[in-house]
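The structure file input24.pdb is reproduced below (PDB, C-alpha atoms and all ligand atoms).
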```
ATOM      1  CA  MET A   1      21.595 -13.119 -36.401
ATOM      2  CA  PRO A   2      23.348 -16.029 -38.105
ATOM      3  CA  SER A   3      24.376 -15.429 -41.637
ATOM      4  CA  LYS A   4      22.146 -17.138 -44.164
ATOM      5  CA  ILE A   5      24.838 -19.571 -45.217
ATOM      6  CA  ASN A   6      25.588 -20.767 -41.682
ATOM      7  CA  TYR A   7      21.907 -20.998 -40.947
ATOM      8  CA  TRP A   8      21.172 -23.356 -43.805
ATOM      9  CA  LYS A   9      24.137 -25.550 -42.904
ATOM     10  CA  ASN A  10      22.572 -26.391 -39.593
ATOM     11  CA  PRO A  11      19.102 -24.881 -39.254
ATOM     12  CA  ASP A  12      18.141 -26.879 -36.142
ATOM     13  CA  LYS A  13      21.072 -25.582 -34.167
ATOM     14  CA  TYR A  14      20.119 -22.016 -34.949
ATOM     15  CA  ARG A  15      16.469 -22.589 -34.286
ATOM     16  CA  LYS A  16      17.328 -24.020 -30.889
ATOM     17  CA  ALA A  17      19.671 -21.143 -30.110
ATOM     18  CA  SER A  18      16.990 -18.700 -31.022
ATOM     19  CA  ARG A  19      14.409 -20.525 -28.868
ATOM     20  CA  ASP A  20      16.760 -20.529 -25.883
ATOM     21  CA  CYS A  21      17.441 -16.890 -26.327
ATOM     22  CA  ASN A  22      13.762 -16.049 -26.433
ATOM     23  CA  ARG A  23      13.035 -18.138 -23.371
ATOM     24  CA  LYS A  24      15.803 -16.436 -21.464
ATOM     25  CA  ARG A  25      14.509 -13.057 -22.461
ATOM     26  CA  TYR A  26      11.028 -14.047 -21.319
ATOM     27  CA  GLU A  27      12.285 -15.346 -17.962
ATOM     28  CA  ASN A  28      14.320 -12.219 -17.405
ATOM     29  CA  ASP A  29      11.284 -10.195 -18.209
ATOM     30  CA  LEU A  30       9.173 -12.098 -15.654
ATOM     31  CA  GLU A  31      11.878 -11.601 -13.051
ATOM     32  CA  PHE A  32      12.033  -7.955 -13.943
ATOM     33  CA  ARG A  33       8.267  -7.586 -13.655
ATOM     34  CA  LYS A  34       8.185  -9.445 -10.338
ATOM     35  CA  LYS A  35      10.847  -7.133  -8.921
ATOM     36  CA  GLY A  36       8.938  -4.161 -10.276
ATOM     37  CA  ALA A  37       5.745  -5.329  -8.565
ATOM     38  CA  ILE A  38       7.526  -5.716  -5.222
ATOM     39  CA  ARG A  39       9.100  -2.291  -5.613
ATOM     40  CA  SER A  40       5.792  -0.671  -6.382
ATOM     41  CA  GLU A  41       4.061  -2.460  -3.496
ATOM     42  CA  ASN A  42       6.779  -1.209  -1.112
ATOM     43  CA  TRP A  43       6.481   2.264  -2.515
ATOM     44  CA  ARG A  44       2.726   2.264  -2.000
ATOM     45  CA  ARG A  45       3.076   1.123   1.597
ATOM     46  CA  THR A  46       6.059   3.093   2.822
ATOM     47  CA  THR A  47       6.032   6.488   1.154
ATOM     48  CA  ALA A  48       3.633   9.382   1.628
ATOM     49  CA  LYS A  49       3.185   9.636  -2.140
ATOM     50  CA  GLY A  50       2.424   5.932  -2.309
ATOM     51  CA  ARG A  51      -0.103   6.179   0.500
ATOM     52  CA  TYR A  52      -1.775   9.059  -1.288
ATOM     53  CA  CYS A  53      -1.987   6.905  -4.362
ATOM     54  CA  THR A  54      -3.737   4.236  -2.296
ATOM     55  CA  ILE A  55      -6.360   6.541  -0.795
ATOM     56  CA  LYS A  56      -6.953   8.001  -4.242
ATOM     57  CA  LYS A  57      -7.663   4.537  -5.567
ATOM     58  CA  SER A  58      -9.835   3.603  -2.613
ATOM     59  CA  SER A  59     -11.854   6.816  -3.037
ATOM     60  CA  ARG A  60     -12.401   5.954  -6.667
ATOM     61  CA  ILE A  61     -13.603   2.470  -5.738
ATOM     62  CA  ARG A  62     -15.983   3.907  -3.139
ATOM     63  CA  LYS A  63     -17.103   6.520  -5.676
ATOM     64  CA  MET A  64     -16.178   9.227  -3.218
ATOM     65  CA  PRO A  65     -14.459  12.495  -3.995
ATOM     66  CA  LEU A  66     -10.907  12.936  -2.737
ATOM     67  CA  GLU A  67     -10.807  16.273  -0.976
ATOM     68  CA  ILE A  68      -7.133  16.449  -0.145
ATOM     69  CA  THR A  69      -4.320  17.278  -2.518
ATOM     70  CA  GLN A  70      -1.149  15.255  -2.694
ATOM     71  CA  LYS A  71       0.785  18.174  -1.226
ATOM     72  CA  GLU A  72      -1.586  18.545   1.740
ATOM     73  CA  PHE A  73      -1.535  14.808   2.336
ATOM     74  CA  ILE A  74       2.261  14.539   2.320
ATOM     75  CA  LYS A  75       2.521  17.423   4.796
ATOM     76  CA  TRP A  76      -0.095  15.779   7.033
ATOM     77  CA  PHE A  77       1.590  12.390   6.749
ATOM     78  CA  ASN A  78       4.999  13.726   7.755
ATOM     79  CA  GLU A  79       3.637  15.708  10.691
ATOM     80  CA  GLN A  80       1.700  12.824  12.228
ATOM     81  CA  LYS A  81       2.986  10.965  15.249
ATOM     82  CA  PRO A  82       3.336   7.277  14.401
ATOM     83  CA  ASN A  83       0.695   5.876  16.686
ATOM     84  CA  CYS A  84      -2.885   4.747  16.522
ATOM     85  CA  TYR A  85      -5.420   7.508  17.121
ATOM     86  CA  TYR A  86      -7.717   5.189  19.098
ATOM     87  CA  CYS A  87      -5.572   2.869  21.212
ATOM     88  CA  LYS A  88      -2.474   5.131  21.030
ATOM     89  CA  LYS A  89      -0.223   2.183  20.315
ATOM     90  CA  PRO A  90       3.013   3.315  18.657
ATOM     91  CA  ASN A  91       3.721   1.705  15.310
ATOM     92  CA  ASN A  92       5.579   2.253  12.081
ATOM     93  CA  LYS A  93       3.738   4.597   9.780
ATOM     94  CA  GLU A  94       3.833   1.946   7.101
ATOM     95  CA  ASN A  95       1.839  -0.402   9.346
ATOM     96  CA  LEU A  96      -0.752   2.182  10.298
ATOM     97  CA  GLU A  97      -3.856   2.565   8.203
ATOM     98  CA  ILE A  98      -5.263   5.862   7.042
ATOM     99  CA  GLU A  99      -8.600   5.988   8.785
ATOM    100  CA  ARG A 100     -11.540   8.260   8.060
ATOM    101  CA  LEU A 101     -13.129   9.470  11.314
ATOM    102  CA  ASP A 102     -16.494   9.778   9.634
ATOM    103  CA  ASN A 103     -16.997   7.046   7.085
ATOM    104  CA  ASN A 104     -19.567   9.084   5.211
ATOM    105  CA  MET A 105     -17.052  11.829   4.580
ATOM    106  CA  PRO A 106     -14.213  11.683   2.087
ATOM    107  CA  TYR A 107     -10.503  11.665   2.775
ATOM    108  CA  LYS A 108      -9.750  15.254   3.699
ATOM    109  CA  LEU A 109      -7.864  17.197   6.358
ATOM    110  CA  GLY A 110      -9.745  16.891   9.649
ATOM    111  CA  ASN A 111     -11.277  13.558   8.695
ATOM    112  CA  ILE A 112      -8.148  11.427   8.573
ATOM    113  CA  LYS A 113      -6.089   9.809  11.317
ATOM    114  CA  PHE A 114      -3.636   6.964  11.619
ATOM    115  CA  ALA A 115      -5.209   3.843  13.090
ATOM    116  CA  CYS A 116      -3.819   0.396  13.705
ATOM    117  CA  HIS A 117      -5.319  -2.514  11.848
ATOM    118  CA  ASP A 118      -7.038  -3.845  14.998
ATOM    119  CA  CYS A 119      -8.811  -0.596  15.775
ATOM    120  CA  ASN A 120      -9.733   0.030  12.182
ATOM    121  CA  SER A 121     -11.281  -3.437  11.911
ATOM    122  CA  VAL A 122     -13.162  -3.078  15.192
ATOM    123  CA  LYS A 123     -14.536   0.315  14.235
ATOM    124  CA  GLY A 124     -15.551  -0.801  10.777
ATOM    125  CA  GLU A 125     -18.546   1.094   9.537
ATOM    126  CA  ILE A 126     -20.388   0.646  12.821
ATOM    127  CA  LEU A 127     -18.789   2.805  15.488
ATOM    128  CA  SER A 128     -18.448   6.554  15.446
ATOM    129  CA  GLU A 129     -15.208   8.351  16.269
ATOM    130  CA  LYS A 130     -16.384   9.075  19.842
ATOM    131  CA  GLU A 131     -17.497   5.495  20.456
ATOM    132  CA  MET A 132     -14.292   4.158  19.014
ATOM    133  CA  LEU A 133     -12.175   6.378  21.278
ATOM    134  CA  ILE A 134     -13.829   4.641  24.244
ATOM    135  CA  VAL A 135     -13.237   1.211  22.692
ATOM    136  CA  GLY A 136      -9.679   2.231  21.796
ATOM    137  CA  LYS A 137      -9.009   2.919  25.458
ATOM    138  CA  LEU A 138     -10.251  -0.566  26.311
ATOM    139  CA  ILE A 139      -8.090  -2.064  23.580
ATOM    140  CA  MET A 140      -5.103  -0.183  24.932
ATOM    141  CA  GLU A 141      -5.680  -1.478  28.465
ATOM    142  CA  LYS A 142      -6.426  -5.049  27.417
ATOM    143  CA  LYS A 143      -4.091  -5.521  24.521
ATOM    144  CA  TRP A 144      -0.899  -3.618  24.795
ATOM    145  CA  LYS A 145      -0.553  -1.393  27.880
ATOM    146  CA  THR A 146       0.037  -4.473  30.003
ATOM    147  CA  LYS A 147       2.927  -5.540  27.783
ATOM    148  CA  ILE A 148       5.157  -2.536  28.458
TER     149      ILE A 148
HETATM  150 ZN    ZN B 201      -5.282   0.988  17.639
END
```

Would you mind giving the structure from this file in structure tokens?
Ligand SMILES: [Zn+2]
Amino acid sequence: MPSKINYWKNPDKYRKASRDCNRKRYENDLEFRKKGAIRSENWRRTTAKGRYCTIKKSSRIRKMPLEITQKEFIKWFNEQKPNCYYCKKPNNKENLEIERLDNNMPYKLGNIKFACHDCNSVKGEILSEKEMLIVGKLIMEKKWKTKI
């Protein structure tokens, strides 16, 4: 803070300095928030805790109970092989979606599997687990088995 005497000698200079300072603080804050948002998005996508947070939110949106605890989910997540349940394509866990075998049932042990985005989109709300396993086999043969 400028002393009162200096301030009144040249008020414009101090007003400008104060404006610049505030703008800088605001820009830094935006930068800080942007970085924070990226960090939290990464956390949600790549960590078991983050993924749990996501299914919790999605259950809330669907007005469905969440019948798996964070501890159970993390254990499940770490034990899973990183490939799609339907087409068996290997992938990073962060790219695999948490799929509910039966869409009418909540997220809980026995009703969740990793699925790739393709299979999850194809299955949608239309195909059952059994039907999708047949389609998954087709997807595997047509889409990626030929590539390796
Ligand atoms: Zn798949």

For region 121-128 of chain A, list every protein, DNA or RNA residue within 12 Å, evaluated using all atoms listed in the file, and leave out those in the same chain fewer than 4 positions away; present the list as a compact mmCIF listing (two decimals) with C-alpha atoms, keeping the file's coordinate frame.
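For reference, around.txt as written:
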```txt
# COMPACT_ATOMS: atom_id res chain seq x y z
CA TYR A 85 -5.42 7.51 17.12
CA TYR A 86 -7.72 5.19 19.10
CA CYS A 87 -5.57 2.87 21.21
CA GLU A 97 -3.86 2.56 8.20
CA GLU A 99 -8.60 5.99 8.78
CA ARG A 100 -11.54 8.26 8.06
CA LEU A 101 -13.13 9.47 11.31
CA ASP A 102 -16.49 9.78 9.63
CA ASN A 103 -17.00 7.05 7.08
CA ASN A 104 -19.57 9.08 5.21
CA MET A 105 -17.05 11.83 4.58
CA ALA A 115 -5.21 3.84 13.09
CA CYS A 116 -3.82 0.40 13.70
CA HIS A 117 -5.32 -2.51 11.85
CA MET A 132 -14.29 4.16 19.01
CA LEU A 133 -12.18 6.38 21.28
CA ILE A 134 -13.83 4.64 24.24
CA VAL A 135 -13.24 1.21 22.69
CA GLY A 136 -9.68 2.23 21.80
CA LEU A 138 -10.25 -0.57 26.31
CA ILE A 139 -8.09 -2.06 23.58
```

Any chance you could work out the residue set of the PyMOL selection byres (((chain A and resi 67) around 12) and not hetatm) here, as a list in words?
-> Tyr52, Ile55, Lys56, Ser59, Arg60, Met64, Pro65, Leu66, Ile68, Thr69, Gln70, Lys71, Glu72, Phe73, Met105, Pro106, Tyr107, Lys108, Leu109, Gly110, Asn111 and Ile112 of chain A

What is the distance between CA of Asp29 (chain A) and CA of Ala17 (chain A), in Å to one decimal?
-> 18.2 Å

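With all atoms listed in the file as the basis for measurement, A:Lys89 is the residue among A:Arg51, A:Tyr26, A:Lys89, A:Asn78 that approaches Lys142 (chain A) most closely.
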
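Computed from the coordinates, the CA of Glu41 (chain A) to CA of Arg23 (chain A) distance equals 26.9 Å.
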
If I put a ball of radius 12 Å at (1.4, 2.9, -1.8) in the file's coordinates, which residues poke into it when counting only C-alpha atoms, written as a ChimeraX atom specification?
-> /A:37-58,93-95,97-98

Box time for region 90-98 of chain A: axis-aligned, enclosing all its listed atoms, 6 Å extra on each side; report centre and edge lengths in Å to one decimal, as AutoDock Vina command-line options.
```
--center_x 0.2 --center_y 2.7 --center_z 12.8 --size_x 22.8 --size_y 18.3 --size_z 23.6
```

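Between CA of Trp76 (chain A) and CA of Ile61 (chain A) there is a distance of 22.9 Å.
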
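Compared by their closest atoms to Lys143 (chain A), and using all atoms listed in the file, the residues A:Asn10, A:Leu96, A:Lys88, A:Lys130 rank with A:Lys88 nearest.
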
From the list A:Asn28, A:Asn6, A:Asn92, A:Asn83, the nearest residue to ligand ZN 201 (chain B) using only C-alpha atoms and all ligand atoms is A:Asn83
